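Peer 1: Enclosed is the structure file start29.pdb (PDB, C-alpha atoms, pLDDT in the B column).
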```pdb
MODEL        1
ATOM      1  CA  MET A1124      -6.172  10.268  13.423  1.00 37.00           C
ATOM      2  CA  ILE A1125      -4.205  11.191  10.323  1.00 40.00           C
ATOM      3  CA  ILE A1126      -0.444  10.876  10.185  1.00 41.00           C
ATOM      4  CA  SER A1127       1.773  12.003   7.338  1.00 44.00           C
ATOM      5  CA  ARG A1128       5.072  10.221   6.970  1.00 50.00           C
ATOM      6  CA  SER A1129       7.194   7.767   5.100  1.00 53.00           C
ATOM      7  CA  ASP A1130       9.883   5.252   5.920  1.00 49.00           C
ATOM      8  CA  ARG A1131      12.703   7.536   4.796  1.00 47.00           C
ATOM      9  CA  PRO A1132      15.623   5.603   6.390  1.00 44.00           C
ATOM     10  CA  LEU A1133      15.062   2.762   3.902  1.00 46.00           C
ATOM     11  CA  ARG A1134      15.544   5.153   0.976  1.00 46.00           C
ATOM     12  CA  ALA A1135      19.331   4.821   1.045  1.00 42.00           C
ATOM     13  CA  GLU A1136      19.045   1.064   0.656  1.00 44.00           C
ATOM     14  CA  MET A1137      17.263   1.043  -2.690  1.00 59.00           C
ATOM     15  CA  ASP A1138      16.811   3.060  -5.830  1.00 78.00           C
ATOM     16  CA  LEU A1139      13.373   4.595  -5.694  1.00 92.00           C
ATOM     17  CA  GLN A1140      13.403   6.523  -8.951  1.00 96.00           C
ATOM     18  CA  ASP A1141      10.485   4.436 -10.256  1.00 97.00           C
ATOM     19  CA  LEU A1142       8.448   5.284  -7.158  1.00 97.00           C
ATOM     20  CA  GLU A1143       9.133   9.000  -7.611  1.00 97.00           C
ATOM     21  CA  ILE A1144       7.979   8.814 -11.242  1.00 96.00           C
ATOM     22  CA  ALA A1145       4.792   7.006 -10.197  1.00 97.00           C
ATOM     23  CA  LYS A1146       4.115   9.521  -7.409  1.00 96.00           C
ATOM     24  CA  ARG A1147       4.580  12.504  -9.740  1.00 95.00           C
ATOM     25  CA  ARG A1148       2.280  10.961 -12.341  1.00 95.00           C
ATOM     26  CA  LEU A1149      -0.393  10.186  -9.725  1.00 95.00           C
ATOM     27  CA  SER A1150      -0.298  13.707  -8.300  1.00 90.00           C
ATOM     28  CA  GLY A1151      -0.278  15.385 -11.694  1.00 85.00           C
ATOM     29  CA  GLU A1152      -3.263  13.551 -13.144  1.00 78.00           C
ATOM     30  CA  THR A1153      -6.645  12.288 -12.021  1.00 88.00           C
ATOM     31  CA  LEU A1154      -5.247   8.753 -12.068  1.00 94.00           C
ATOM     32  CA  THR A1155      -6.060   6.349  -9.276  1.00 96.00           C
ATOM     33  CA  LEU A1156      -3.097   4.020  -9.887  1.00 97.00           C
ATOM     34  CA  CYS A1157       0.268   4.285 -11.619  1.00 97.00           C
ATOM     35  CA  ILE A1158       2.847   1.488 -11.889  1.00 98.00           C
ATOM     36  CA  VAL A1159       6.411   2.157 -13.017  1.00 98.00           C
ATOM     37  CA  LYS A1160       9.303  -0.210 -13.730  1.00 97.00           C
ATOM     38  CA  ASP A1161      12.738   0.594 -15.123  1.00 96.00           C
ATOM     39  CA  ASN A1162      11.784   4.281 -15.447  1.00 96.00           C
ATOM     40  CA  LYS A1163       8.782   3.450 -17.662  1.00 97.00           C
ATOM     41  CA  ILE A1164       5.081   3.640 -16.902  1.00 97.00           C
ATOM     42  CA  ILE A1165       3.822   0.098 -17.415  1.00 98.00           C
ATOM     43  CA  PHE A1166       0.246   0.572 -16.200  1.00 97.00           C
ATOM     44  CA  GLU A1167      -2.061   3.348 -15.141  1.00 96.00           C
ATOM     45  CA  THR A1168      -5.787   3.653 -14.622  1.00 96.00           C
ATOM     46  CA  TYR A1169      -8.578   5.974 -13.580  1.00 95.00           C
ATOM     47  CA  SER A1170     -10.765   3.176 -12.189  1.00 92.00           C
ATOM     48  CA  HIS A1171     -11.624   3.310  -8.516  1.00 86.00           C
ATOM     49  CA  GLY A1172     -11.162   0.665  -5.888  1.00 87.00           C
ATOM     50  CA  ILE A1173      -9.276  -2.554  -6.287  1.00 94.00           C
ATOM     51  CA  SER A1174     -10.308  -3.154  -9.908  1.00 94.00           C
ATOM     52  CA  GLY A1175      -7.338  -1.252 -11.323  1.00 95.00           C
ATOM     53  CA  PHE A1176      -4.778  -3.336  -9.488  1.00 97.00           C
ATOM     54  CA  LEU A1177      -6.559  -6.582 -10.378  1.00 97.00           C
ATOM     55  CA  ALA A1178      -6.558  -5.469 -14.033  1.00 96.00           C
ATOM     56  CA  ALA A1179      -2.817  -4.756 -13.834  1.00 97.00           C
ATOM     57  CA  ILE A1180      -2.144  -8.261 -12.530  1.00 97.00           C
ATOM     58  CA  ASP A1181      -4.338  -9.760 -15.279  1.00 96.00           C
ATOM     59  CA  LYS A1182      -2.721  -7.734 -18.065  1.00 96.00           C
ATOM     60  CA  ILE A1183       0.912  -7.546 -16.968  1.00 96.00           C
ATOM     61  CA  GLY A1184       1.394 -10.482 -14.601  1.00 94.00           C
ATOM     62  CA  ILE A1185       5.010 -11.343 -13.892  1.00 94.00           C
ATOM     63  CA  LYS A1186       6.262  -8.047 -15.371  1.00 96.00           C
ATOM     64  CA  LEU A1187       5.014  -6.392 -12.162  1.00 97.00           C
ATOM     65  CA  LYS A1188       7.875  -7.996 -10.222  1.00 97.00           C
ATOM     66  CA  GLN A1189      10.127  -5.258  -8.773  1.00 97.00           C
ATOM     67  CA  ALA A1190       7.867  -2.462 -10.051  1.00 98.00           C
ATOM     68  CA  SER A1191       6.818   0.568  -7.994  1.00 98.00           C
ATOM     69  CA  VAL A1192       3.198   1.496  -7.330  1.00 98.00           C
ATOM     70  CA  ALA A1193       1.529   4.814  -6.549  1.00 98.00           C
ATOM     71  CA  ASP A1194      -2.108   4.390  -5.514  1.00 97.00           C
ATOM     72  CA  ARG A1195      -4.663   6.813  -4.131  1.00 96.00           C
ATOM     73  CA  THR A1196      -5.919   4.376  -1.491  1.00 96.00           C
ATOM     74  CA  ALA A1197      -4.293   1.194  -0.201  1.00 97.00           C
ATOM     75  CA  GLY A1198      -5.460  -1.102   2.535  1.00 97.00           C
ATOM     76  CA  LYS A1199      -4.653  -4.681   3.396  1.00 98.00           C
ATOM     77  CA  ALA A1200      -6.295  -5.942   0.178  1.00 98.00           C
ATOM     78  CA  ILE A1201      -4.005  -3.852  -2.036  1.00 98.00           C
ATOM     79  CA  ALA A1202      -1.017  -4.702   0.178  1.00 98.00           C
ATOM     80  CA  LEU A1203      -1.736  -8.422  -0.290  1.00 98.00           C
ATOM     81  CA  LEU A1204      -1.860  -7.918  -4.059  1.00 98.00           C
ATOM     82  CA  CYS A1205       1.423  -5.968  -3.957  1.00 98.00           C
ATOM     83  CA  VAL A1206       3.104  -8.843  -2.123  1.00 98.00           C
ATOM     84  CA  TYR A1207       1.530 -11.339  -4.546  1.00 98.00           C
ATOM     85  CA  ALA A1208       2.866  -9.361  -7.539  1.00 97.00           C
ATOM     86  CA  LYS A1209       6.292  -8.897  -5.878  1.00 98.00           C
ATOM     87  CA  ILE A1210       6.093  -5.094  -5.982  1.00 98.00           C
ATOM     88  CA  LYS A1211       9.222  -3.457  -4.524  1.00 97.00           C
ATOM     89  CA  ALA A1212       7.850  -0.073  -3.427  1.00 98.00           C
ATOM     90  CA  VAL A1213       4.443   1.449  -2.713  1.00 98.00           C
ATOM     91  CA  TYR A1214       3.190   4.978  -2.224  1.00 98.00           C
ATOM     92  CA  ALA A1215      -0.390   5.547  -1.110  1.00 98.00           C
ATOM     93  CA  ILE A1216      -2.052   8.866  -0.528  1.00 96.00           C
ATOM     94  CA  THR A1217      -4.179   7.031   2.051  1.00 96.00           C
ATOM     95  CA  LEU A1218      -2.805   3.854   3.636  1.00 98.00           C
ATOM     96  CA  SER A1219      -4.502   1.743   6.288  1.00 98.00           C
ATOM     97  CA  ARG A1220      -2.658   0.506   9.358  1.00 98.00           C
ATOM     98  CA  LYS A1221      -3.288  -3.128   8.374  1.00 97.00           C
ATOM     99  CA  GLY A1222      -1.925  -2.443   4.887  1.00 98.00           C
ATOM    100  CA  LYS A1223       1.153  -0.791   6.392  1.00 98.00           C
ATOM    101  CA  GLU A1224       1.745  -3.725   8.740  1.00 97.00           C
ATOM    102  CA  LEU A1225       1.504  -6.233   5.888  1.00 97.00           C
ATOM    103  CA  LEU A1226       3.929  -4.266   3.706  1.00 98.00           C
ATOM    104  CA  GLU A1227       6.373  -4.050   6.635  1.00 97.00           C
ATOM    105  CA  GLU A1228       6.089  -7.772   7.394  1.00 96.00           C
ATOM    106  CA  ASN A1229       6.932  -8.557   3.773  1.00 96.00           C
ATOM    107  CA  GLY A1230       9.776  -6.078   3.384  1.00 96.00           C
ATOM    108  CA  VAL A1231       8.011  -3.859   0.838  1.00 97.00           C
ATOM    109  CA  TYR A1232       9.201  -0.247   1.004  1.00 97.00           C
ATOM    110  CA  HIS A1233       6.258   2.094   1.511  1.00 97.00           C
ATOM    111  CA  GLU A1234       5.350   5.750   1.868  1.00 97.00           C
ATOM    112  CA  TRP A1235       2.051   7.468   2.576  1.00 97.00           C
ATOM    113  CA  SER A1236       0.472  10.849   3.112  1.00 96.00           C
ATOM    114  CA  CYS A1237      -2.358   9.791   5.439  1.00 97.00           C
ATOM    115  CA  LEU A1238      -2.391   6.745   7.688  1.00 97.00           C
ATOM    116  CA  VAL A1239      -5.914   5.660   8.656  1.00 97.00           C
ATOM    117  CA  GLU A1240      -7.452   2.907  10.729  1.00 96.00           C
ATOM    118  CA  ASN A1241      -9.723   1.536   7.972  1.00 95.00           C
ATOM    119  CA  ILE A1242     -10.485   1.916   4.290  1.00 96.00           C
ATOM    120  CA  LEU A1243     -14.163   2.750   3.876  1.00 94.00           C
ATOM    121  CA  ASP A1244     -16.611   1.682   1.183  1.00 90.00           C
ATOM    122  CA  ALA A1245     -17.642   4.020  -1.635  1.00 86.00           C
ATOM    123  CA  ASN A1246     -20.513   5.451   0.449  1.00 88.00           C
ATOM    124  CA  LYS A1247     -18.224   6.063   3.453  1.00 88.00           C
ATOM    125  CA  MET A1248     -20.774   4.165   5.554  1.00 91.00           C
ATOM    126  CA  GLY A1249     -18.734   1.124   6.481  1.00 93.00           C
ATOM    127  CA  ILE A1250     -15.547  -0.783   5.839  1.00 95.00           C
ATOM    128  CA  CYS A1251     -14.765  -1.575   2.204  1.00 96.00           C
ATOM    129  CA  PRO A1252     -15.949  -5.114   1.302  1.00 96.00           C
ATOM    130  CA  PHE A1253     -12.487  -5.969  -0.055  1.00 97.00           C
ATOM    131  CA  GLU A1254     -10.944  -4.897   3.246  1.00 97.00           C
ATOM    132  CA  LYS A1255     -13.466  -7.029   5.158  1.00 96.00           C
ATOM    133  CA  LEU A1256     -12.462 -10.038   3.067  1.00 97.00           C
ATOM    134  CA  ALA A1257      -8.745  -9.234   3.405  1.00 97.00           C
ATOM    135  CA  THR A1258      -8.939  -9.472   7.205  1.00 95.00           C
ATOM    136  CA  GLU A1259      -9.431 -13.227   6.903  1.00 95.00           C
ATOM    137  CA  ILE A1260      -6.698 -13.778   4.275  1.00 95.00           C
ATOM    138  CA  SER A1261      -3.029 -14.334   5.064  1.00 92.00           C
ATOM    139  CA  SER A1262      -1.765 -15.850   1.801  1.00 94.00           C
ATOM    140  CA  PRO A1263      -1.108 -13.372  -1.041  1.00 94.00           C
ATOM    141  CA  SER A1264      -1.865 -16.005  -3.704  1.00 91.00           C
ATOM    142  CA  ASP A1265      -5.178 -16.830  -2.004  1.00 95.00           C
ATOM    143  CA  ALA A1266      -5.856 -13.096  -1.812  1.00 96.00           C
ATOM    144  CA  TYR A1267      -5.646 -12.635  -5.564  1.00 96.00           C
ATOM    145  CA  GLU A1268      -8.149 -15.428  -6.267  1.00 95.00           C
ATOM    146  CA  ARG A1269     -10.559 -14.464  -3.489  1.00 97.00           C
ATOM    147  CA  LEU A1270     -10.471 -10.711  -4.178  1.00 97.00           C
ATOM    148  CA  LYS A1271     -11.022 -11.345  -7.884  1.00 96.00           C
ATOM    149  CA  ALA A1272     -13.991 -13.593  -7.059  1.00 96.00           C
ATOM    150  CA  LEU A1273     -15.479 -10.914  -4.792  1.00 96.00           C
ATOM    151  CA  GLN A1274     -15.043  -8.317  -7.532  1.00 95.00           C
ATOM    152  CA  HIS A1275     -16.878 -10.592  -9.992  1.00 93.00           C
ATOM    153  CA  SER A1276     -19.631 -11.278  -7.471  1.00 93.00           C
ATOM    154  CA  LEU A1277     -20.160  -7.579  -6.738  1.00 90.00           C
ATOM    155  CA  ARG A1278     -20.268  -6.726 -10.449  1.00 88.00           C
ATOM    156  CA  CYS A1279     -22.851  -9.429 -11.095  1.00 89.00           C
ATOM    157  CA  SER A1280     -25.061  -8.331  -8.191  1.00 83.00           C
ATOM    158  CA  SER A1281     -25.017  -4.691  -9.305  1.00 74.00           C
ATOM    159  CA  LYS A1282     -26.367  -5.517 -12.787  1.00 66.00           C
TER     160      LYS A1282
ENDMDL
END
```
Kindly return the structure encoded in the file as structure tokens.
Peer 2:
Amino acid sequence: MIISRSDRPLRAEMDLQDLEIAKRRLSGETLTLCIVKDNKIIFETYSHGISGFLAAIDKIGIKLKQASVADRTAGKAIALLCVYAKIKAVYAITLSRKGKELLEENGVYHEWSCLVENILDANKMGICPFEKLATEISSPSDAYERLKALQHSLRCSSK
């Protein structure tokens, strides 16, 4: 089931100009991720999956605090990283229910175009390995370390 919606009532409570900039940039390009803070694009990438967000954390770190993110696909793994990085607002073209729940629990404003049950792997044959791992993680700081380790492990095994 696909649902299109956003949490519009929260809009009046915060300035979401950064989120609008990120959304426009994401929709106007072939980007997979755009991060905006103080009306400036601070990170963007074309890389697929979670690698772009992990790279943003590695390169920008604490400067991500209170930034806005527009991502093509966000599940619980990305939501955990958003909470870890103290992101203030998230837009995802496709957002999973578990990702949505985590963002809500942590007070992160979020919008989406399609709400789905699960984020699938690249072959669309099963659940994304990062999402599988995220189901057993509750701590955002643990999530960063464990998701980064899984990324490294998958890269090594594909060589």
Peer 1: Which residue gives the smallest distance to Leu1142 (chain A) among A:Arg1220, A:Lys1271, A:Lys1211, A:Lys1247, with only C-alpha atoms counted?
Peer 2: A:Lys1211
Peer 1: Can you turn the PyMOL selection byres ((chain A and resi 1154) around 9) into a concrete residue list for this file, as a list in words?
Peer 2: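 Here the PyMOL selection byres ((chain A and resi 1154) around 9) matches Arg1148, Leu1149, Ser1150, Gly1151, Glu1152, Thr1153, Thr1155, Leu1156, Cys1157, Glu1167, Thr1168, Tyr1169, Ser1170, Asp1194 and Arg1195 of chain A.
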Peer 1: Have a look at CA of Leu1203 (chain A) and CA of Ala1266 (chain A) and let me know their distance in Å, one decimal.
Peer 2: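 If I compute the distance from CA of Leu1203 (chain A) to CA of Ala1266 (chain A), I get 6.4 Å.
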Peer 1: Would you compute the distance between CA of Ile1165 (chain A) and CA of Lys1255 (chain A)? Give it in Å to one decimal.
Peer 2: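 Value for the CA of Ile1165 (chain A)-CA of Lys1255 (chain A) distance: 29.3 Å.
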Peer 1: Could you spell out the hits of the PyMOL selection byres ((chain A and resi 1140) around 12) on the shown file, as a ChimeraX atom specification?
Peer 2: /A:1134-1135,1137-1139,1141-1147,1159-1164,1190-1192,1211-1212
Peer 1: List, as a list of chain:residue names, every residue that the PyMOL selection byres ((chain A and resi 1275-1280) around 12) selects in the file provided.
Peer 2: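 Applied to this file, the PyMOL selection byres ((chain A and resi 1275-1280) around 12) selects A:Ile1173, A:Ser1174, A:Leu1177, A:Pro1252, A:Phe1253, A:Glu1268, A:Arg1269, A:Leu1270, A:Lys1271, A:Ala1272, A:Leu1273, A:Gln1274, A:Ser1281, A:Lys1282.
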Peer 1: For Ala1200 (chain A), please output as a list in words all residues within 7 Å (counting all atoms listed in the file; exclusion window: fewer than 4 positions along the same chain).
Peer 2: Leu1204, Phe1253, Glu1254 and Ala1257 of chain A
Peer 1: If you take all atoms listed in the file and a cut-off of 9 Å, which residues of region 1154-1227 of chain A touch region 1234-1239 of chain A, and what are their nearest atom pairs and distances in Å to one decimal, in chain and number order, as a tab-separated table?
Peer 2:
```
residue	atom	partner	partner_atom	distance
A:Ala1212	CA	A:Glu1234	CA	8.3
A:Val1213	CA	A:Glu1234	CA	6.3
A:Tyr1214	CA	A:Glu1234	CA	4.7
A:Ala1215	CA	A:Trp1235	CA	4.8
A:Ile1216	CA	A:Ser1236	CA	4.9
A:Thr1217	CA	A:Cys1237	CA	4.7
A:Leu1218	CA	A:Leu1238	CA	5.0
A:Ser1219	CA	A:Val1239	CA	4.8
A:Arg1220	CA	A:Val1239	CA	6.1
A:Lys1223	CA	A:Leu1238	CA	8.4
```
Peer 1: What is the distance, in Å and to one decimal place, between CA of Lys1188 (chain A) and CA of Ala1208 (chain A)?
Peer 2: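 One can read the CA of Lys1188 (chain A) to CA of Ala1208 (chain A) distance as 5.8 Å.
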Peer 1: Using all atoms listed in the file, what table do you get, as CSV, when you list each residue of region 1258-1279 of chain A with an atom no more than 12 Å from region 1226-1231 of chain A, its nearest pair of atoms, and their distance in Å rounded to one decimal, rows by chain then rising number?
Peer 2:
```
residue,atom,partner,partner_atom,distance
A:Ser1261,CA,A:Glu1228,CA,11.5
A:Ser1262,CA,A:Asn1229,CA,11.5
A:Pro1263,CA,A:Asn1229,CA,10.5
```
Peer 1: Between A:Lys1209, A:His1171, A:Lys1199, A:Lys1221, which is the closest to Ile1185 (chain A) once you count all atoms listed in the file?
Peer 2: A:Lys1209
Peer 1: Step by step, gather every atom of region 1183-1189 of chain A that the file lists, find the box along x, y and z that holds them, add 8 Å on each side, and finally give centre and edge lengths in Å to one decimal, as lines of an AutoDock Vina configuration file.
Peer 2:
```
center_x = 5.5
center_y = -8.3
center_z = -12.9
size_x = 25.2
size_y = 22.1
size_z = 24.2
```
Peer 1: Which is closer to Asn1241 (chain A) than all the others in A:Lys1186, A:Ala1178, A:Phe1166, A:Thr1196, using all atoms listed in the file?
Peer 2: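 Looking at the shortest contact to Asn1241 (chain A), the residue is A:Thr1196.
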Peer 1: Starting from the structure just given, write a file holding region 1147-1265 of chain A with C-alpha atoms, as a PDB file, in the first residue's frame.
Peer 2:
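The resulting decode-v2.pdb:
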```pdb
ATOM      1  CA  ARG A1147      13.785  21.055  -4.877  1.00  0.00           C
ATOM      2  CA  ARG A1148      17.412  20.073  -5.439  1.00  0.00           C
ATOM      3  CA  LEU A1149      16.610  16.356  -5.081  1.00  0.00           C
ATOM      4  CA  SER A1150      13.705  16.548  -7.522  1.00  0.00           C
ATOM      5  CA  GLY A1151      15.591  18.650 -10.042  1.00  0.00           C
ATOM      6  CA  GLU A1152      18.674  16.454 -10.275  1.00  0.00           C
ATOM      7  CA  THR A1153      19.550  12.776 -10.308  1.00  0.00           C
ATOM      8  CA  LEU A1154      20.848  13.140  -6.754  1.00  0.00           C
ATOM      9  CA  THR A1155      20.072  10.506  -4.166  1.00  0.00           C
ATOM     10  CA  LEU A1156      20.695  12.739  -1.133  1.00  0.00           C
ATOM     11  CA  CYS A1157      20.804  16.473  -0.471  1.00  0.00           C
ATOM     12  CA  ILE A1158      21.515  18.105   2.902  1.00  0.00           C
ATOM     13  CA  VAL A1159      20.874  21.799   3.510  1.00  0.00           C
ATOM     14  CA  LYS A1160      21.621  24.014   6.511  1.00  0.00           C
ATOM     15  CA  ASP A1161      21.169  27.764   6.863  1.00  0.00           C
ATOM     16  CA  ASN A1162      19.941  27.991   3.251  1.00  0.00           C
ATOM     17  CA  LYS A1163      23.149  26.397   1.916  1.00  0.00           C
ATOM     18  CA  ILE A1164      23.710  22.974   0.406  1.00  0.00           C
ATOM     19  CA  ILE A1165      26.292  21.352   2.663  1.00  0.00           C
ATOM     20  CA  PHE A1166      26.307  17.873   1.119  1.00  0.00           C
ATOM     21  CA  GLU A1167      24.881  16.068  -1.857  1.00  0.00           C
ATOM     22  CA  THR A1168      25.587  12.772  -3.554  1.00  0.00           C
ATOM     23  CA  TYR A1169      24.563  10.466  -6.364  1.00  0.00           C
ATOM     24  CA  SER A1170      25.572   7.292  -4.504  1.00  0.00           C
ATOM     25  CA  HIS A1171      22.856   4.773  -3.775  1.00  0.00           C
ATOM     26  CA  GLY A1172      21.895   3.229  -0.487  1.00  0.00           C
ATOM     27  CA  ILE A1173      23.153   4.249   2.896  1.00  0.00           C
ATOM     28  CA  SER A1174      26.701   5.055   1.756  1.00  0.00           C
ATOM     29  CA  GLY A1175      25.886   8.684   0.979  1.00  0.00           C
ATOM     30  CA  PHE A1176      24.567   9.417   4.441  1.00  0.00           C
ATOM     31  CA  LEU A1177      27.484   7.616   6.099  1.00  0.00           C
ATOM     32  CA  ALA A1178      29.863   9.701   3.958  1.00  0.00           C
ATOM     33  CA  ALA A1179      28.077  12.890   5.045  1.00  0.00           C
ATOM     34  CA  ILE A1180      28.526  11.981   8.707  1.00  0.00           C
ATOM     35  CA  ASP A1181      32.214  11.172   8.105  1.00  0.00           C
ATOM     36  CA  LYS A1182      32.898  14.385   6.185  1.00  0.00           C
ATOM     37  CA  ILE A1183      30.687  16.913   7.963  1.00  0.00           C
ATOM     38  CA  GLY A1184      30.070  15.448  11.416  1.00  0.00           C
ATOM     39  CA  ILE A1185      28.691  17.909  13.937  1.00  0.00           C
ATOM     40  CA  LYS A1186      27.828  20.464  11.226  1.00  0.00           C
ATOM     41  CA  LEU A1187      24.870  18.207  10.359  1.00  0.00           C
ATOM     42  CA  LYS A1188      23.128  19.251  13.583  1.00  0.00           C
ATOM     43  CA  GLN A1189      19.852  21.047  12.740  1.00  0.00           C
ATOM     44  CA  ALA A1190      20.272  20.453   8.994  1.00  0.00           C
ATOM     45  CA  SER A1191      17.492  19.260   6.679  1.00  0.00           C
ATOM     46  CA  VAL A1192      17.739  16.125   4.554  1.00  0.00           C
ATOM     47  CA  ALA A1193      16.052  15.118   1.307  1.00  0.00           C
ATOM     48  CA  ASP A1194      16.672  11.468   0.431  1.00  0.00           C
ATOM     49  CA  ARG A1195      15.246   9.212  -2.250  1.00  0.00           C
ATOM     50  CA  THR A1196      14.758   6.277   0.123  1.00  0.00           C
ATOM     51  CA  ALA A1197      14.734   6.245   3.921  1.00  0.00           C
ATOM     52  CA  GLY A1198      14.070   3.370   6.246  1.00  0.00           C
ATOM     53  CA  LYS A1199      14.865   2.776   9.882  1.00  0.00           C
ATOM     54  CA  ALA A1200      18.623   2.717   9.165  1.00  0.00           C
ATOM     55  CA  ILE A1201      18.587   6.222   7.671  1.00  0.00           C
ATOM     56  CA  ALA A1202      16.211   7.411  10.409  1.00  0.00           C
ATOM     57  CA  LEU A1203      18.661   6.175  13.063  1.00  0.00           C
ATOM     58  CA  LEU A1204      21.476   8.070  11.342  1.00  0.00           C
ATOM     59  CA  CYS A1205      19.314  11.215  11.161  1.00  0.00           C
ATOM     60  CA  VAL A1206      18.685  11.030  14.906  1.00  0.00           C
ATOM     61  CA  TYR A1207      22.390  10.342  15.517  1.00  0.00           C
ATOM     62  CA  ALA A1208      23.359  13.414  13.447  1.00  0.00           C
ATOM     63  CA  LYS A1209      20.631  15.551  15.090  1.00  0.00           C
ATOM     64  CA  ILE A1210      18.912  16.326  11.779  1.00  0.00           C
ATOM     65  CA  LYS A1211      15.871  18.592  12.242  1.00  0.00           C
ATOM     66  CA  ALA A1212      13.796  17.692   9.173  1.00  0.00           C
ATOM     67  CA  VAL A1213      13.639  14.849   6.658  1.00  0.00           C
ATOM     68  CA  TYR A1214      11.939  14.384   3.317  1.00  0.00           C
ATOM     69  CA  ALA A1215      11.990  10.974   1.659  1.00  0.00           C
ATOM     70  CA  ILE A1216      10.458  10.073  -1.652  1.00  0.00           C
ATOM     71  CA  THR A1217      10.020   6.582  -0.181  1.00  0.00           C
ATOM     72  CA  LEU A1218       9.844   6.195   3.602  1.00  0.00           C
ATOM     73  CA  SER A1219       9.338   2.961   5.514  1.00  0.00           C
ATOM     74  CA  ARG A1220       6.857   2.679   8.365  1.00  0.00           C
ATOM     75  CA  LYS A1221       9.648   1.794  10.815  1.00  0.00           C
ATOM     76  CA  GLY A1222      11.638   4.832   9.678  1.00  0.00           C
ATOM     77  CA  LYS A1223       8.571   7.035  10.122  1.00  0.00           C
ATOM     78  CA  GLU A1224       7.930   5.671  13.615  1.00  0.00           C
ATOM     79  CA  LEU A1225      11.531   6.307  14.672  1.00  0.00           C
ATOM     80  CA  LEU A1226      11.483   9.879  13.351  1.00  0.00           C
ATOM     81  CA  GLU A1227       8.196  10.507  15.194  1.00  0.00           C
ATOM     82  CA  GLU A1228       9.515   9.021  18.445  1.00  0.00           C
ATOM     83  CA  ASN A1229      12.515  11.348  18.271  1.00  0.00           C
ATOM     84  CA  GLY A1230      10.636  14.495  17.294  1.00  0.00           C
ATOM     85  CA  VAL A1231      12.187  14.812  13.827  1.00  0.00           C
ATOM     86  CA  TYR A1232       9.872  16.567  11.367  1.00  0.00           C
ATOM     87  CA  HIS A1233       9.319  14.405   8.298  1.00  0.00           C
ATOM     88  CA  GLU A1234       7.545  14.324   4.957  1.00  0.00           C
ATOM     89  CA  TRP A1235       7.259  11.620   2.322  1.00  0.00           C
ATOM     90  CA  SER A1236       5.706  10.826  -1.020  1.00  0.00           C
ATOM     91  CA  CYS A1237       5.328   7.056  -0.588  1.00  0.00           C
ATOM     92  CA  LEU A1238       5.036   5.194   2.696  1.00  0.00           C
ATOM     93  CA  VAL A1239       5.996   1.517   2.402  1.00  0.00           C
ATOM     94  CA  GLU A1240       6.214  -1.445   4.730  1.00  0.00           C
ATOM     95  CA  ASN A1241       9.873  -2.284   3.986  1.00  0.00           C
ATOM     96  CA  ILE A1242      12.895  -0.993   2.121  1.00  0.00           C
ATOM     97  CA  LEU A1243      14.072  -3.661  -0.308  1.00  0.00           C
ATOM     98  CA  ASP A1244      17.589  -4.609  -1.362  1.00  0.00           C
ATOM     99  CA  ALA A1245      19.049  -3.517  -4.700  1.00  0.00           C
ATOM    100  CA  ASN A1246      17.656  -6.617  -6.453  1.00  0.00           C
ATOM    101  CA  LYS A1247      14.168  -6.063  -4.984  1.00  0.00           C
ATOM    102  CA  MET A1248      14.288  -9.683  -3.800  1.00  0.00           C
ATOM    103  CA  GLY A1249      14.345  -9.156  -0.061  1.00  0.00           C
ATOM    104  CA  ILE A1250      14.709  -6.622   2.706  1.00  0.00           C
ATOM    105  CA  CYS A1251      17.743  -4.340   2.507  1.00  0.00           C
ATOM    106  CA  PRO A1252      20.610  -5.705   4.664  1.00  0.00           C
ATOM    107  CA  PHE A1253      20.936  -2.339   6.432  1.00  0.00           C
ATOM    108  CA  GLU A1254      17.238  -2.448   7.291  1.00  0.00           C
ATOM    109  CA  LYS A1255      17.616  -6.005   8.619  1.00  0.00           C
ATOM    110  CA  LEU A1256      20.428  -4.828  10.887  1.00  0.00           C
ATOM    111  CA  ALA A1257      18.492  -1.707  11.933  1.00  0.00           C
ATOM    112  CA  THR A1258      15.633  -3.821  13.304  1.00  0.00           C
ATOM    113  CA  GLU A1259      17.889  -4.959  16.142  1.00  0.00           C
ATOM    114  CA  ILE A1260      19.332  -1.496  16.917  1.00  0.00           C
ATOM    115  CA  SER A1261      17.722   1.041  19.232  1.00  0.00           C
ATOM    116  CA  SER A1262      20.649   3.370  19.972  1.00  0.00           C
ATOM    117  CA  PRO A1263      21.483   5.916  17.239  1.00  0.00           C
ATOM    118  CA  SER A1264      25.169   5.997  18.240  1.00  0.00           C
ATOM    119  CA  ASP A1265      25.344   2.192  18.060  1.00  0.00           C
TER     120      ASP A1265
END
```
